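Read the structure below first, then the notes.
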Amino acid sequence: MMSEETRKGAEIIRRGGVVAFPTETVYGLGADAFNPIAVARVFEVKRRPYFDPLIVHLATLKDLDRLVREIPSKAERLIEKFWPGPLTLVLFKKEEVPEIVTSGLQTVAVRMPKHPMTLQLIQLAETPIVGPSANPFGYLSPTRAEDVQEQLGDQVDFILDGGPCEVGVESTIVSFAEEGPALLRAGGIPLEEIESIIGKVNITKSGEKGPLAPGMLPKHYAPRTPVLLNWDEASPEELKEKRIGLLAFREPMVFFNFSHIEILSKKGDLREAAANLFSAMRRLDRLGLDLILAEPVPEVGLGRAIMDRLRKASSTLKGEGGS
Ligand code: AMP
Ligand code: MG
């Protein structure tokens, strides 16, 4: 089924416009990846620094041919297994991919999103599209069309509403630029699942080689309200007379007079928790609290991506925002 809305979005992209679009991870800010001026507008709207390269979203393997020089066999196996889905691959780019997309790198990040509306959008636009998260640089990623409307509504040409995002955290990024595959960002496909297909994946620590991905910057995915992750370290004195919200993984086990409690997953399901993460943080952020206490989640499967986002949201290194 082809909606009028999707057709309209595709037409705007073909003409060089900027369209916010749904994916299974978070909402993206879309523009024709082969139109450098349209891509420049995406950076402007997000107020994203130009050194921070974008992910190109595609709908078919033919699109992939237009973007990358070669596909290593391990990358091919991941594509077979996880596309369409929340896995981004960094591969050597073809000459034709504009430098603004890759921030001058010889590699390009690519993925095929798992959302029927978006796959149609890309096919109708007849071009792969860039798609950083549709939020101002440094803030929480949007997981509903209303989130985009609230923050960037007056700056984009169109918002394609595809309902709430199913996965709720960004894609996992695996790079094939260096020897052996390397994990650049934990995300919607657990590392364990990737390693079950291609064996050991190197884990790149933030800062080792400069921020290869904005998700590797220390401060990222952050609400305006300060977030405390290791809150057992906070003294009762520090917490006294403050309006504090709790971001709980499951039923909270602490006794404290919280102003508000958000529970990510009552049954302790990491998938459900990931899907609720950004909208729960948004709700807490709207309350004008003094502090958000975030409860750590088990660091397995999607828990790795959730903990990565929570650590970055709670980083005290203010001002080093990521997208
Ligand atoms: P976002 O779209 O904001 O979720 O971020 C996209 C992520 O992909 C960012 O963290 C980028 O830095 C990363 N990325 C995009 N292109 C490349 C590349 N060529 N090499 C390494 N990382 C990349
Ligand atoms: Mg982002």
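Each chain in the structure tokens gets a letter, A, B and so on, in the order shown; residues start at 1 in every chain, and ligands are counted from 1 in the order they appear.
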Considering only C-alpha atoms, return as number ranges by chain whatever protein or nucleic-acid residues lie within 9 Å of region 226-233 of chain A, sequence-local ones (same chain, fewer than 4 positions apart) excluded.
A: 222, 289-296, 310-311, 313-316
Output the neighbourhood of ligand 1 as a ChimeraX atom specification, that is, all protein and nucleic acid residues with some atom at most 9 Å from the ligand, counting only C-alpha atoms and all ligand atoms.
/A:26,28-29,48,51-56,88-93,101-110,130-135,137,141,170-171,173-175,177,184-185,211-217,322-323
Tell me, as a ChimeraX atom specification, which residues lie within 7 Å of Gly163 (chain A), counting only C-alpha atoms; anything in the same chain fewer than 2 positions away does not count.
/A:144-145,161,165
Just the strand (DSSP E or B) stuff from region 76-319 of chain A, please, per backbone DSSP, written as a ChimeraX atom specification.
/A:87-93,107-111,129-130,133,139,158-159,172-175,182-185,202-203,208,210,222,227-228,244-248,260-263,291-294
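You will find CA of Leu239 (chain A) at 10.5 Å from CA of Phe258 (chain A).
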DSSP on the backbone: what in region 91-228 of chain A comes out helix (DSSP H, G or I), as a PyMOL selection string?
chain A and resi 99-102+116-125+145-152+191-198+214-216
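Taking CA of Val156 (chain A) as the reference point, CA of Val42 (chain A) is found at 8.9 Å.
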Choose the residue, out of A:Pro136, A:Gly199, A:Gly9, A:Gly16, that has the smallest atom-to-atom separation from Phe43 (chain A); count only C-alpha atoms.
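Between A:Pro136, A:Gly199, A:Gly9, A:Gly16, the residue approaching Phe43 (chain A) most closely is A:Pro136.
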Between CA of Val169 (chain A) and CA of Met307 (chain A), distance in Å (one decimal):
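One can read the CA of Val169 (chain A) to CA of Met307 (chain A) distance as 11.0 Å.
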Quick one: residues within 12 Å of Gly301 (chain A), only C-alpha atoms, excluding same-chain residues fewer than 2 positions away - as a list in words?
Thr172, Ala186, Gly187, Gly188, Ile189, Pro190, Leu191, Glu192, Glu193, Ile194, Glu195, Asp269, Leu270, Arg271, Ala273, Ala274, Val297, Pro298, Glu299, Gly303, Arg304, Ala305, Ile306 and Met307 of chain A
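By chain and then residue number, the residues within 8 Å of region 72-84 of chain A are Glu70, Pro86, Leu87, Leu89, Arg111, Met112, Pro113, Lys114, Phe176, Ile194, Ile197 and Ile198 of chain A, counting only C-alpha atoms and disregarding those fewer than 2 positions away in sequence.
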Which residue, A:Leu284, A:Ile37, A:Leu61, A:Val167, has the smallest gap to Pro128 (chain A) when you use only C-alpha atoms?
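Going through A:Leu284, A:Ile37, A:Leu61, A:Val167 one by one, the smallest distance to Pro128 (chain A) is for A:Leu61.
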Please provide as an MDAnalysis selection string all residues within 7 Å of region 279-283 of chain A, with the sequence filter that same-chain residues fewer than 6 positions apart are discarded (counting only C-alpha atoms).
chainID A and resid 143 223 262
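When only C-alpha atoms and all ligand atoms are used to compute distances to ligand 2, the closest of the residues A:Ser3, A:Thr25, A:Gln123, A:Thr118 turns out to be A:Thr25.
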Here is a test: counting only C-alpha atoms, which residue of A:Gly268, A:Pro181, A:Pro116, A:Pro252 is nearest to Glu24 (chain A)?
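Among the listed residues, A:Pro116 lies closest to Glu24 (chain A).
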